[in-house]
file entry_31.cif (mmCIF, N, CA and C atoms)
data_upload
loop_
_atom_site.label_atom_id
_atom_site.label_comp_id
_atom_site.auth_asym_id
_atom_site.auth_seq_id
_atom_site.Cartn_x
_atom_site.Cartn_y
_atom_site.Cartn_z
N MET Y 1 13.27 -5.79 15.57
CA MET Y 1 13.19 -4.85 14.48
C MET Y 1 11.83 -4.94 13.83
N GLY Y 2 11.29 -3.81 13.42
CA GLY Y 2 9.98 -3.76 12.80
C GLY Y 2 10.03 -4.04 11.31
N VAL Y 3 8.86 -4.15 10.76
CA VAL Y 3 8.73 -4.36 9.33
C VAL Y 3 8.99 -3.04 8.62
N GLU Y 4 9.77 -3.08 7.57
CA GLU Y 4 10.07 -1.86 6.83
C GLU Y 4 8.84 -1.40 6.05
N GLU Y 5 8.52 -0.14 6.20
CA GLU Y 5 7.38 0.45 5.50
C GLU Y 5 7.70 0.58 4.02
N PRO Y 6 6.70 0.36 3.15
CA PRO Y 6 6.96 0.59 1.73
C PRO Y 6 7.22 2.07 1.49
N ARG Y 7 8.12 2.37 0.57
CA ARG Y 7 8.47 3.76 0.29
C ARG Y 7 8.14 4.09 -1.16
N VAL Y 8 7.84 5.35 -1.38
CA VAL Y 8 7.59 5.84 -2.74
C VAL Y 8 8.38 7.12 -2.94
N ARG Y 9 8.67 7.42 -4.18
CA ARG Y 9 9.29 8.71 -4.53
C ARG Y 9 8.19 9.54 -5.16
N VAL Y 10 7.98 10.73 -4.62
CA VAL Y 10 6.95 11.64 -5.10
C VAL Y 10 7.63 12.86 -5.67
N LEU Y 11 7.22 13.25 -6.86
CA LEU Y 11 7.72 14.49 -7.46
C LEU Y 11 6.59 15.51 -7.46
N VAL Y 12 6.89 16.71 -6.96
CA VAL Y 12 5.90 17.77 -6.86
C VAL Y 12 6.40 18.98 -7.63
N HIS Y 13 5.56 19.47 -8.53
CA HIS Y 13 5.89 20.69 -9.25
C HIS Y 13 5.40 21.86 -8.39
N ALA Y 14 6.33 22.60 -7.80
CA ALA Y 14 5.98 23.72 -6.92
C ALA Y 14 7.09 24.76 -6.99
N GLY Y 15 6.75 25.99 -6.62
CA GLY Y 15 7.70 27.09 -6.67
C GLY Y 15 8.83 26.98 -5.66
N ASN Y 16 8.55 26.34 -4.52
CA ASN Y 16 9.58 26.18 -3.50
C ASN Y 16 9.21 25.02 -2.58
N ARG Y 17 10.09 24.72 -1.66
CA ARG Y 17 9.92 23.58 -0.74
C ARG Y 17 8.65 23.70 0.10
N ALA Y 18 8.37 24.88 0.62
CA ALA Y 18 7.18 25.08 1.46
C ALA Y 18 5.90 24.82 0.67
N ARG Y 19 5.84 25.29 -0.55
CA ARG Y 19 4.65 25.06 -1.38
C ARG Y 19 4.49 23.58 -1.72
N ALA Y 20 5.60 22.90 -1.95
CA ALA Y 20 5.54 21.46 -2.24
C ALA Y 20 4.97 20.71 -1.04
N LEU Y 21 5.45 21.03 0.15
CA LEU Y 21 4.95 20.38 1.35
C LEU Y 21 3.48 20.70 1.57
N THR Y 22 3.07 21.94 1.33
CA THR Y 22 1.67 22.32 1.46
C THR Y 22 0.79 21.54 0.50
N ARG Y 23 1.24 21.38 -0.74
CA ARG Y 23 0.47 20.61 -1.72
C ARG Y 23 0.26 19.18 -1.25
N LEU Y 24 1.30 18.57 -0.68
CA LEU Y 24 1.18 17.20 -0.18
C LEU Y 24 0.27 17.12 1.04
N ARG Y 25 0.40 18.06 1.94
CA ARG Y 25 -0.46 18.06 3.15
C ARG Y 25 -1.92 18.31 2.80
N ASN Y 26 -2.18 19.11 1.78
CA ASN Y 26 -3.56 19.36 1.36
C ASN Y 26 -4.21 18.10 0.80
N LEU Y 27 -3.40 17.15 0.37
CA LEU Y 27 -3.92 15.87 -0.13
C LEU Y 27 -4.11 14.86 1.00
N GLY Y 28 -3.78 15.25 2.22
CA GLY Y 28 -3.94 14.37 3.36
C GLY Y 28 -2.68 13.64 3.76
N LEU Y 29 -1.56 13.95 3.15
CA LEU Y 29 -0.28 13.31 3.49
C LEU Y 29 0.38 14.13 4.60
N ARG Y 30 -0.09 13.95 5.81
CA ARG Y 30 0.36 14.76 6.94
C ARG Y 30 1.71 14.33 7.50
N ALA Y 31 2.00 13.04 7.45
CA ALA Y 31 3.23 12.54 8.06
C ALA Y 31 4.32 12.33 7.01
N VAL Y 32 4.41 13.26 6.11
CA VAL Y 32 5.38 13.15 5.02
C VAL Y 32 6.74 13.65 5.49
N TYR Y 33 7.76 12.86 5.19
CA TYR Y 33 9.12 13.29 5.45
C TYR Y 33 9.66 13.82 4.13
N LEU Y 34 9.89 15.11 4.05
CA LEU Y 34 10.31 15.74 2.82
C LEU Y 34 11.83 15.86 2.81
N ARG Y 35 12.46 15.15 1.91
CA ARG Y 35 13.91 15.16 1.83
C ARG Y 35 14.43 16.25 0.92
N GLY Y 36 13.57 16.96 0.28
CA GLY Y 36 14.03 17.99 -0.64
C GLY Y 36 14.76 17.38 -1.80
N ASN Y 37 15.88 17.93 -2.16
CA ASN Y 37 16.64 17.43 -3.30
C ASN Y 37 17.87 16.64 -2.85
N ALA Y 38 17.69 15.79 -1.83
CA ALA Y 38 18.78 14.90 -1.43
C ALA Y 38 19.19 14.03 -2.61
N GLU Y 39 18.21 13.67 -3.40
CA GLU Y 39 18.45 12.96 -4.65
C GLU Y 39 17.82 13.81 -5.75
N PRO Y 40 18.59 14.68 -6.36
CA PRO Y 40 18.02 15.59 -7.37
C PRO Y 40 17.28 14.82 -8.46
N PRO Y 41 16.21 15.40 -8.97
CA PRO Y 41 15.46 14.73 -10.03
C PRO Y 41 16.28 14.59 -11.30
N THR Y 42 16.06 13.48 -11.96
CA THR Y 42 16.72 13.23 -13.24
C THR Y 42 15.95 13.97 -14.33
N PRO Y 43 16.54 14.17 -15.49
CA PRO Y 43 15.79 14.80 -16.59
C PRO Y 43 14.49 14.06 -16.91
N ASP Y 44 14.51 12.73 -16.80
CA ASP Y 44 13.31 11.93 -17.05
C ASP Y 44 12.22 12.25 -16.02
N GLU Y 45 12.62 12.41 -14.77
CA GLU Y 45 11.66 12.73 -13.71
C GLU Y 45 11.09 14.13 -13.89
N ILE Y 46 11.92 15.06 -14.27
CA ILE Y 46 11.46 16.43 -14.50
C ILE Y 46 10.44 16.46 -15.62
N THR Y 47 10.71 15.74 -16.69
CA THR Y 47 9.77 15.67 -17.81
C THR Y 47 8.45 15.08 -17.34
N ALA Y 48 8.50 14.02 -16.53
CA ALA Y 48 7.28 13.36 -16.06
C ALA Y 48 6.40 14.31 -15.26
N VAL Y 49 6.99 15.03 -14.30
CA VAL Y 49 6.19 15.90 -13.44
C VAL Y 49 5.70 17.15 -14.17
N LEU Y 50 6.51 17.68 -15.08
CA LEU Y 50 6.10 18.89 -15.79
C LEU Y 50 4.98 18.62 -16.80
N HIS Y 51 4.94 17.41 -17.32
CA HIS Y 51 3.93 17.10 -18.32
C HIS Y 51 2.67 16.45 -17.75
N HIS Y 52 2.65 16.24 -16.45
CA HIS Y 52 1.43 15.70 -15.84
C HIS Y 52 0.53 16.86 -15.44
N PRO Y 53 -0.77 16.77 -15.74
CA PRO Y 53 -1.69 17.89 -15.45
C PRO Y 53 -1.71 18.33 -13.99
N ASP Y 54 -1.55 17.39 -13.05
CA ASP Y 54 -1.59 17.75 -11.63
C ASP Y 54 -0.24 18.20 -11.10
N GLY Y 55 0.84 17.89 -11.80
CA GLY Y 55 2.17 18.24 -11.32
C GLY Y 55 2.58 17.44 -10.10
N LEU Y 56 1.95 16.28 -9.90
CA LEU Y 56 2.26 15.39 -8.78
C LEU Y 56 2.27 13.96 -9.30
N VAL Y 57 3.41 13.31 -9.23
CA VAL Y 57 3.52 11.93 -9.68
C VAL Y 57 4.33 11.12 -8.68
N TRP Y 58 4.23 9.80 -8.73
CA TRP Y 58 4.94 8.94 -7.80
C TRP Y 58 5.27 7.60 -8.46
N ARG Y 59 6.22 6.89 -7.86
CA ARG Y 59 6.49 5.49 -8.19
C ARG Y 59 7.23 4.87 -7.02
N PRO Y 60 7.21 3.53 -6.93
CA PRO Y 60 7.82 2.85 -5.78
C PRO Y 60 9.33 3.08 -5.69
N VAL Y 61 9.85 3.00 -4.46
CA VAL Y 61 11.28 3.06 -4.19
C VAL Y 61 11.68 1.70 -3.64
N PRO Y 62 12.77 1.08 -3.99
CA PRO Y 62 13.79 1.64 -4.86
C PRO Y 62 13.27 1.77 -6.29
N LEU Y 63 13.79 2.76 -6.96
CA LEU Y 63 13.33 3.05 -8.31
C LEU Y 63 13.60 1.88 -9.24
N ASP Y 64 12.61 1.58 -10.00
CA ASP Y 64 12.71 0.53 -11.00
C ASP Y 64 12.35 1.17 -12.32
N ASP Y 65 13.30 1.24 -13.23
CA ASP Y 65 13.06 1.93 -14.50
C ASP Y 65 11.89 1.33 -15.28
N ARG Y 66 11.49 0.11 -14.92
CA ARG Y 66 10.35 -0.49 -15.61
C ARG Y 66 9.03 0.03 -15.07
N GLU Y 67 9.05 0.61 -13.87
CA GLU Y 67 7.84 1.20 -13.28
C GLU Y 67 7.66 2.61 -13.82
N SER Y 68 6.49 2.89 -14.34
CA SER Y 68 6.26 4.23 -14.87
C SER Y 68 5.72 5.13 -13.75
N TRP Y 69 5.85 6.41 -13.96
CA TRP Y 69 5.32 7.38 -13.01
C TRP Y 69 3.80 7.33 -13.07
N GLN Y 70 3.17 7.45 -11.91
CA GLN Y 70 1.72 7.36 -11.82
C GLN Y 70 1.17 8.63 -11.19
N PRO Y 71 -0.08 8.99 -11.52
CA PRO Y 71 -0.70 10.16 -10.90
C PRO Y 71 -0.87 9.94 -9.39
N ILE Y 72 -0.78 11.00 -8.63
CA ILE Y 72 -0.84 10.91 -7.17
C ILE Y 72 -2.16 10.29 -6.70
N GLY Y 73 -3.23 10.48 -7.45
CA GLY Y 73 -4.53 9.93 -7.07
C GLY Y 73 -4.52 8.42 -6.92
N THR Y 74 -3.69 7.72 -7.69
CA THR Y 74 -3.63 6.27 -7.58
C THR Y 74 -2.97 5.83 -6.28
N LEU Y 75 -2.13 6.66 -5.71
CA LEU Y 75 -1.49 6.35 -4.44
C LEU Y 75 -2.45 6.58 -3.28
N LEU Y 76 -3.34 7.54 -3.43
CA LEU Y 76 -4.22 7.93 -2.33
C LEU Y 76 -5.51 7.12 -2.26
N ARG Y 77 -5.83 6.36 -3.32
CA ARG Y 77 -7.04 5.52 -3.30
C ARG Y 77 -6.86 4.35 -2.35
N PRO Y 78 -7.93 4.00 -1.63
CA PRO Y 78 -7.83 2.83 -0.78
C PRO Y 78 -7.65 1.56 -1.61
N PRO Y 79 -6.97 0.53 -1.07
CA PRO Y 79 -6.79 -0.71 -1.82
C PRO Y 79 -8.14 -1.30 -2.21
N GLY Y 80 -8.23 -1.82 -3.40
CA GLY Y 80 -9.47 -2.43 -3.86
C GLY Y 80 -10.50 -1.44 -4.38
N HIS Y 81 -10.18 -0.15 -4.33
CA HIS Y 81 -11.11 0.88 -4.81
C HIS Y 81 -11.26 0.74 -6.32
N ARG Y 82 -12.48 0.74 -6.78
CA ARG Y 82 -12.75 0.65 -8.22
C ARG Y 82 -13.31 1.95 -8.72
N VAL Y 83 -12.87 2.34 -9.87
CA VAL Y 83 -13.37 3.55 -10.49
C VAL Y 83 -14.59 3.18 -11.31
N ARG Y 84 -15.70 3.90 -11.15
CA ARG Y 84 -16.90 3.63 -11.93
C ARG Y 84 -16.74 4.09 -13.35
N THR Y 85 -17.25 3.29 -14.27
CA THR Y 85 -17.19 3.67 -15.69
C THR Y 85 -18.57 3.87 -16.23
#
call {"tool": "encode", "arguments": {"input": "entry_31.cif", "output": "structure tokens"}}
result
Amino acid sequence: MGVEEPRVRVLVHAGNRARALTRLRNLGLRAVYLRGNAEPPTPDEITAVLHHPDGLVWRPVPLDDRESWQPIGTLLRPPGHRVRT
């Protein structure tokens, strides 16, 4: 058996499923498995994605209520990447 890949839950604010997938693929997430609303978003998740300027947020799975939603850019940065100030 192989090592289990880390998983994240991504919320995308989009008009429909196809647009959500397109938004993710445009960010370079080509091998995304889109489950749709197999686990419908909670009111807390809806608030998080609607109030984020990019409309794209994520956090690790399994969900840990202590983990806050993060902008998608933090997921896409290479490890050890530093932001210049």
call {"tool": "atom_distance", "arguments": {"input": "entry_31.cif", "atom1": "atom CA of Asn16 of chain Y", "atom2": "atom CA of Arg77 of chain Y"}}
result
26.5 Å
call {"tool": "resolve_selection", "arguments": {"input": "entry_31.cif", "expression": "the PyMOL selection byres ((chain Y and resi 55) around 8)", "output": "JSON, numbers by chain"}}
result
{"Y": [11, 12, 13, 14, 48, 49, 50, 51, 52, 53, 54, 56, 57, 58, 71, 72]}
call {"tool": "atom_distance", "arguments": {"input": "entry_31.cif", "atom1": "atom CA of Arg66 of chain Y", "atom2": "atom CA of Glu39 of chain Y"}}
result
19.1 Å
call {"tool": "atom_distance", "arguments": {"input": "entry_31.cif", "atom1": "atom C of Gly28 of chain Y", "atom2": "atom C of Leu76 of chain Y"}}
result
9.3 Å
